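So this one's my_file.pdb, PDB, C-alpha atoms, pLDDT in the B column:
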ATOM      1  CA  MET A   1      53.364 115.239 103.621  1.00 58.00           C
ATOM      2  CA  THR A   2      55.873 113.853 106.108  1.00 65.00           C
ATOM      3  CA  GLY A   3      55.980 110.385 107.607  1.00 70.00           C
ATOM      4  CA  PRO A   4      55.883 109.487 111.273  1.00 79.00           C
ATOM      5  CA  ALA A   5      58.627 110.874 113.482  1.00 84.00           C
ATOM      6  CA  GLU A   6      61.637 108.664 114.193  1.00 92.00           C
ATOM      7  CA  PRO A   7      61.246 106.952 117.567  1.00 94.00           C
ATOM      8  CA  THR A   8      63.475 108.221 120.345  1.00 96.00           C
ATOM      9  CA  VAL A   9      65.121 106.068 122.972  1.00 96.00           C
ATOM     10  CA  GLU A  10      62.966 107.733 125.626  1.00 96.00           C
ATOM     11  CA  ALA A  11      59.738 107.148 123.672  1.00 97.00           C
ATOM     12  CA  LEU A  12      60.597 103.473 123.150  1.00 97.00           C
ATOM     13  CA  ARG A  13      61.567 103.086 126.804  1.00 97.00           C
ATOM     14  CA  GLN A  14      58.223 104.558 127.853  1.00 97.00           C
ATOM     15  CA  ARG A  15      56.324 102.244 125.485  1.00 97.00           C
ATOM     16  CA  LEU A  16      58.074  99.287 127.119  1.00 98.00           C
ATOM     17  CA  VAL A  17      57.165 100.579 130.595  1.00 98.00           C
ATOM     18  CA  ASP A  18      53.535 101.025 129.528  1.00 98.00           C
ATOM     19  CA  PHE A  19      53.473  97.603 127.825  1.00 98.00           C
ATOM     20  CA  ALA A  20      54.691  95.847 130.979  1.00 98.00           C
ATOM     21  CA  ALA A  21      52.395  97.872 133.254  1.00 98.00           C
ATOM     22  CA  ALA A  22      49.302  97.062 131.178  1.00 98.00           C
ATOM     23  CA  ARG A  23      50.073  93.367 131.608  1.00 98.00           C
ATOM     24  CA  ARG A  24      51.019  93.730 135.301  1.00 98.00           C
ATOM     25  CA  TRP A  25      54.519  92.400 134.653  1.00 98.00           C
ATOM     26  CA  GLU A  26      56.350  94.950 136.836  1.00 97.00           C
ATOM     27  CA  PRO A  27      56.869  92.519 139.763  1.00 97.00           C
ATOM     28  CA  PHE A  28      58.848  90.277 137.423  1.00 98.00           C
ATOM     29  CA  HIS A  29      60.973  93.071 135.958  1.00 97.00           C
ATOM     30  CA  THR A  30      63.667  92.935 138.614  1.00 98.00           C
ATOM     31  CA  PRO A  31      67.273  93.785 137.724  1.00 98.00           C
ATOM     32  CA  LYS A  32      68.251  90.105 138.029  1.00 98.00           C
ATOM     33  CA  ASN A  33      65.413  88.877 135.818  1.00 98.00           C
ATOM     34  CA  LEU A  34      65.979  91.554 133.206  1.00 98.00           C
ATOM     35  CA  ALA A  35      69.742  90.944 133.151  1.00 98.00           C
ATOM     36  CA  ALA A  36      69.081  87.226 132.680  1.00 98.00           C
ATOM     37  CA  ALA A  37      66.582  87.882 129.881  1.00 98.00           C
ATOM     38  CA  LEU A  38      69.069  90.250 128.226  1.00 98.00           C
ATOM     39  CA  SER A  39      71.730  87.556 128.349  1.00 98.00           C
ATOM     40  CA  VAL A  40      69.359  84.979 126.840  1.00 98.00           C
ATOM     41  CA  GLU A  41      68.411  87.308 123.989  1.00 98.00           C
ATOM     42  CA  ALA A  42      72.065  88.161 123.314  1.00 98.00           C
ATOM     43  CA  GLY A  43      72.700  84.418 123.152  1.00 98.00           C
ATOM     44  CA  GLU A  44      69.902  84.039 120.610  1.00 98.00           C
ATOM     45  CA  LEU A  45      71.545  86.735 118.492  1.00 98.00           C
ATOM     46  CA  LEU A  46      74.865  84.930 118.758  1.00 98.00           C
ATOM     47  CA  GLU A  47      73.212  81.647 117.795  1.00 98.00           C
ATOM     48  CA  ILE A  48      72.477  83.039 114.316  1.00 98.00           C
ATOM     49  CA  PHE A  49      76.216  83.420 113.716  1.00 97.00           C
ATOM     50  CA  GLN A  50      77.453  80.362 115.626  1.00 97.00           C
ATOM     51  CA  TRP A  51      79.799  78.174 113.608  1.00 97.00           C
ATOM     52  CA  LEU A  52      79.727  80.463 110.560  1.00 97.00           C
ATOM     53  CA  THR A  53      82.944  81.432 108.855  1.00 98.00           C
ATOM     54  CA  PRO A  54      83.714  85.180 108.734  1.00 98.00           C
ATOM     55  CA  GLU A  55      82.571  85.177 105.105  1.00 97.00           C
ATOM     56  CA  GLN A  56      79.287  83.419 105.922  1.00 97.00           C
ATOM     57  CA  ALA A  57      78.677  85.742 108.876  1.00 97.00           C
ATOM     58  CA  GLY A  58      79.230  88.744 106.602  1.00 97.00           C
ATOM     59  CA  ALA A  59      76.533  87.452 104.257  1.00 98.00           C
ATOM     60  CA  VAL A  60      73.846  86.808 106.907  1.00 98.00           C
ATOM     61  CA  MET A  61      71.981  90.030 106.173  1.00 98.00           C
ATOM     62  CA  SER A  62      71.652  89.141 102.480  1.00 98.00           C
ATOM     63  CA  ASP A  63      69.426  86.169 103.417  1.00 97.00           C
ATOM     64  CA  PRO A  64      65.949  87.624 104.114  1.00 98.00           C
ATOM     65  CA  ASP A  65      65.003  84.947 106.665  1.00 97.00           C
ATOM     66  CA  ARG A  66      68.207  85.284 108.673  1.00 97.00           C
ATOM     67  CA  ALA A  67      68.161  89.080 108.343  1.00 98.00           C
ATOM     68  CA  HIS A  68      64.658  89.060 109.827  1.00 98.00           C
ATOM     69  CA  ARG A  69      65.912  86.934 112.742  1.00 98.00           C
ATOM     70  CA  VAL A  70      68.812  89.364 113.310  1.00 98.00           C
ATOM     71  CA  HIS A  71      66.397  92.313 113.387  1.00 98.00           C
ATOM     72  CA  ASP A  72      64.124  90.508 115.859  1.00 98.00           C
ATOM     73  CA  GLU A  73      66.980  89.532 118.169  1.00 98.00           C
ATOM     74  CA  VAL A  74      68.498  93.026 118.070  1.00 98.00           C
ATOM     75  CA  ALA A  75      65.072  94.383 119.035  1.00 98.00           C
ATOM     76  CA  ASP A  76      64.808  91.877 121.898  1.00 98.00           C
ATOM     77  CA  VAL A  77      68.294  92.733 123.186  1.00 98.00           C
ATOM     78  CA  LEU A  78      67.580  96.460 123.033  1.00 98.00           C
ATOM     79  CA  ALA A  79      64.160  96.055 124.664  1.00 98.00           C
ATOM     80  CA  TYR A  80      65.584  94.150 127.615  1.00 98.00           C
ATOM     81  CA  LEU A  81      68.524  96.548 127.905  1.00 98.00           C
ATOM     82  CA  LEU A  82      66.170  99.541 128.056  1.00 98.00           C
ATOM     83  CA  GLN A  83      63.963  97.784 130.610  1.00 98.00           C
ATOM     84  CA  PHE A  84      67.030  96.886 132.687  1.00 98.00           C
ATOM     85  CA  CYS A  85      68.232 100.499 132.580  1.00 98.00           C
ATOM     86  CA  THR A  86      64.799 101.661 133.714  1.00 98.00           C
ATOM     87  CA  ALA A  87      64.841  99.195 136.620  1.00 98.00           C
ATOM     88  CA  VAL A  88      68.268 100.318 137.854  1.00 98.00           C
ATOM     89  CA  GLY A  89      68.000 104.010 136.983  1.00 98.00           C
ATOM     90  CA  VAL A  90      70.727 104.156 134.336  1.00 98.00           C
ATOM     91  CA  ASP A  91      70.483 106.458 131.332  1.00 97.00           C
ATOM     92  CA  PRO A  92      71.890 104.198 128.596  1.00 97.00           C
ATOM     93  CA  LEU A  93      73.021 107.049 126.352  1.00 97.00           C
ATOM     94  CA  GLU A  94      74.820 108.813 129.191  1.00 98.00           C
ATOM     95  CA  ALA A  95      76.418 105.527 130.289  1.00 98.00           C
ATOM     96  CA  LEU A  96      77.640 104.813 126.738  1.00 98.00           C
ATOM     97  CA  ALA A  97      78.980 108.340 126.239  1.00 98.00           C
ATOM     98  CA  ALA A  98      80.881 108.130 129.533  1.00 98.00           C
ATOM     99  CA  LYS A  99      82.283 104.687 128.637  1.00 98.00           C
ATOM    100  CA  ILE A 100      83.481 105.872 125.222  1.00 98.00           C
ATOM    101  CA  GLU A 101      85.145 108.885 126.840  1.00 98.00           C
ATOM    102  CA  ARG A 102      86.929 106.680 129.400  1.00 98.00           C
ATOM    103  CA  ASN A 103      88.076 104.316 126.647  1.00 97.00           C
ATOM    104  CA  GLU A 104      89.397 107.204 124.555  1.00 96.00           C
ATOM    105  CA  LEU A 105      91.553 108.177 127.524  1.00 96.00           C
ATOM    106  CA  ARG A 106      92.552 104.605 128.448  1.00 97.00           C
ATOM    107  CA  PHE A 107      93.276 103.477 124.889  1.00 96.00           C
ATOM    108  CA  PRO A 108      94.751 106.407 122.952  1.00 94.00           C
ATOM    109  CA  VAL A 109      95.580 105.997 119.290  1.00 94.00           C
ATOM    110  CA  PRO A 110      99.169 104.707 119.280  1.00 92.00           C
ATOM    111  CA  GLU A 111     101.928 106.825 117.863  1.00 89.00           C
ATOM    112  CA  GLY A 112     102.821 105.606 114.431  1.00 84.00           C
ATOM    113  CA  ALA A 113      99.331 104.312 113.734  1.00 76.00           C
ATOM    114  CA  GLY A 114      98.515 104.609 110.075  1.00 66.00           C
ATOM    115  CA  ALA A 115      95.771 106.832 108.736  1.00 64.00           C
ATOM    116  CA  ASP A 116      93.515 103.772 108.675  1.00 65.00           C
ATOM    117  CA  GLY A 117      94.206 103.083 112.386  1.00 58.00           C
ATOM    118  CA  GLU A 118      96.519 100.132 111.734  1.00 62.00           C
ATOM    119  CA  HIS A 119      98.842  99.449 114.650  1.00 56.00           C
ATOM    120  CA  ALA A 120     102.477  98.518 114.449  1.00 50.00           C
ATOM    121  CA  ILE A 121     102.255  95.219 116.355  1.00 50.00           C
ATOM    122  CA  ALA A 122     105.617  93.552 115.850  1.00 47.00           C
ATOM    123  CA  GLY A 123     108.402  95.281 117.790  1.00 46.00           C
ATOM    124  CA  GLY A 124     108.790  98.914 118.813  1.00 46.00           C
ATOM    125  CA  GLU A 125     106.712 100.914 121.266  1.00 49.00           C
ATOM    126  CA  ASN A 126     103.438  99.500 120.008  1.00 48.00           C
ATOM    127  CA  ALA A 127     104.440  95.859 120.384  1.00 47.00           C
ATOM    128  CA  VAL A 128     102.067  93.630 122.279  1.00 50.00           C
ATOM    129  CA  GLY A 129     103.485  92.876 125.703  1.00 50.00           C
ATOM    130  CA  ALA A 130     103.230  89.766 127.838  1.00 49.00           C
ATOM    131  CA  GLY A 131      99.656  89.195 129.030  1.00 52.00           C
ATOM    132  CA  GLU A 132      98.194  91.507 126.389  1.00 52.00           C
ATOM    133  CA  ASN A 133      96.152  90.670 123.338  1.00 55.00           C
ATOM    134  CA  VAL A 134      96.566  92.088 119.819  1.00 53.00           C
ATOM    135  CA  LEU A 135      94.904  95.337 120.911  1.00 55.00           C
ATOM    136  CA  GLY A 136      97.521  95.749 123.639  1.00 55.00           C
ATOM    137  CA  VAL A 137      94.787  95.284 126.240  1.00 55.00           C
ATOM    138  CA  ASN A 138      95.353  93.212 129.350  1.00 53.00           C
ATOM    139  CA  SER A 139      93.295  90.027 129.101  1.00 53.00           C
ATOM    140  CA  ASP A 140      91.667  90.627 132.494  1.00 56.00           C
ATOM    141  CA  VAL A 141      87.911  91.036 131.965  1.00 53.00           C
ATOM    142  CA  GLY A 142      87.821  94.420 133.733  1.00 63.00           C
ATOM    143  CA  ASP A 143      90.342  95.935 131.311  1.00 62.00           C
ATOM    144  CA  GLN A 144      88.449  95.446 128.059  1.00 64.00           C
ATOM    145  CA  PRO A 145      87.449  98.296 125.756  1.00 68.00           C
ATOM    146  CA  LEU A 146      83.748  98.815 125.114  1.00 71.00           C
TER
END

Just give me the structure of the file as structure tokens.
Amino acid sequence: MTGPAEPTVEALRQRLVDFAAARRWEPFHTPKNLAAALSVEAGELLEIFQWLTPEQAGAVMSDPDRAHRVHDEVADVLAYLLQFCTAVGVDPLEALAAKIERNELRFPVPEGAGADGEHAIAGGENAVGAGENVLGVNSDVGDQPL
């Protein structure tokens, strides 16, 4: 006997649409409101990790209470993202695939990168230039990878 089928993005998106419709929430699900709610939920996810050292942050999922909070906040972020995409007519999987493809073209693996993807940062062709961060990406917001 097999268990229930894995949920698909489309099935979850439709459940969210139906959930909101049954409660007559559609008038409130504007792009602005959904983007704001998404930002709030992302902030709540960040709050779990705020002020933690890298080591403490890496151990969050080993604490059942905090792991549960992470799962809940990830679900909230994804729910609002799917609802936002529905409101503006964006297929999130197509948008992500296109963004990854653009980034693969914009940020090719540097020559001389090791097998593990390590970059040669100090000196040479792969050196970080003025106005660039360690990834060699201009610090302007519009020029950031994923």

Residues returned when the PyMOL selection byres ((chain A and resi 77) around 6) runs on this file, as a ChimeraX atom specification: /A:38,41-42,74-76,78-80

Taken to one decimal, the atom CA of Ala67 of chain A-atom CA of Glu55 of chain A distance is 15.3 Å

Centre and edge lengths, as lines of an AutoDock Vina configuration file, for the axis-aligned box enclosing every listed atom of segment 91-100 of chain A with 6 Å of padding on each of the six sides, in Å to one decimal?
center_x = 77.0
center_y = 106.5
center_z = 128.3
size_x = 25.0
size_y = 16.6
size_z = 18.1

Spatial neighbours of Lys99 of chain A, max dist 10 Å, only C-alpha atoms, sep filter under 5 positions, as a tab-separated table (two decimals) with C-alpha atoms, keeping the file's coordinate frame:
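Okay, selection23.tsv is ready:
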chain	number	residue	atom	x	y	z
A	93	LEU	CA	73.02	107.05	126.35
A	94	GLU	CA	74.82	108.81	129.19
A	104	GLU	CA	89.40	107.20	124.56
A	105	LEU	CA	91.55	108.18	127.52
A	145	PRO	CA	87.45	98.30	125.76
A	146	LEU	CA	83.75	98.82	125.11

- Val60 of chain A: which residues within 12 Å, counting all atoms listed in the file, same-chain residues fewer than 3 positions away excluded, as a VMD selection string? chain A and resid 45 48 to 50 52 to 57 63 to 71

Correct to one decimal, the distance atom CA of Thr30 of chain A-atom CA of Ala87 of chain A is 6.7 Å

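Atom CA of Pro27 of chain A is positioned 17.4 Å from atom CA of Arg13 of chain A.
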
Of the candidates A:Leu46, A:Ser62, A:Pro31, A:Pro108, which shows the shortest atom-to-atom distance to Val90 of chain A, using all atoms listed in the file?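 Between A:Leu46, A:Ser62, A:Pro31, A:Pro108, the residue approaching Val90 of chain A most closely is A:Pro31.
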
For this structure, which residues satisfy the selection - the PyMOL selection byres ((chain A and resi 9) around 12) - when it is evaluated on the file as given? I want them as a compact mmCIF listing (two decimals) with C-alpha atoms, in the coordinates of the input.
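Heads up, here's the output in out25.txt:
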# COMPACT_ATOMS: atom_id res chain seq x y z
CA GLU A 6 61.64 108.66 114.19
CA PRO A 7 61.25 106.95 117.57
CA THR A 8 63.48 108.22 120.34
CA GLU A 10 62.97 107.73 125.63
CA ALA A 11 59.74 107.15 123.67
CA LEU A 12 60.60 103.47 123.15
CA ARG A 13 61.57 103.09 126.80
CA GLN A 14 58.22 104.56 127.85
CA ARG A 15 56.32 102.24 125.48
CA LEU A 16 58.07 99.29 127.12
CA LEU A 78 67.58 96.46 123.03
CA ALA A 79 64.16 96.06 124.66
CA LEU A 81 68.52 96.55 127.90
CA LEU A 82 66.17 99.54 128.06
CA GLN A 83 63.96 97.78 130.61
CA CYS A 85 68.23 100.50 132.58
CA THR A 86 64.80 101.66 133.71
CA ASP A 91 70.48 106.46 131.33
CA PRO A 92 71.89 104.20 128.60
CA LEU A 93 73.02 107.05 126.35
CA GLU A 94 74.82 108.81 129.19
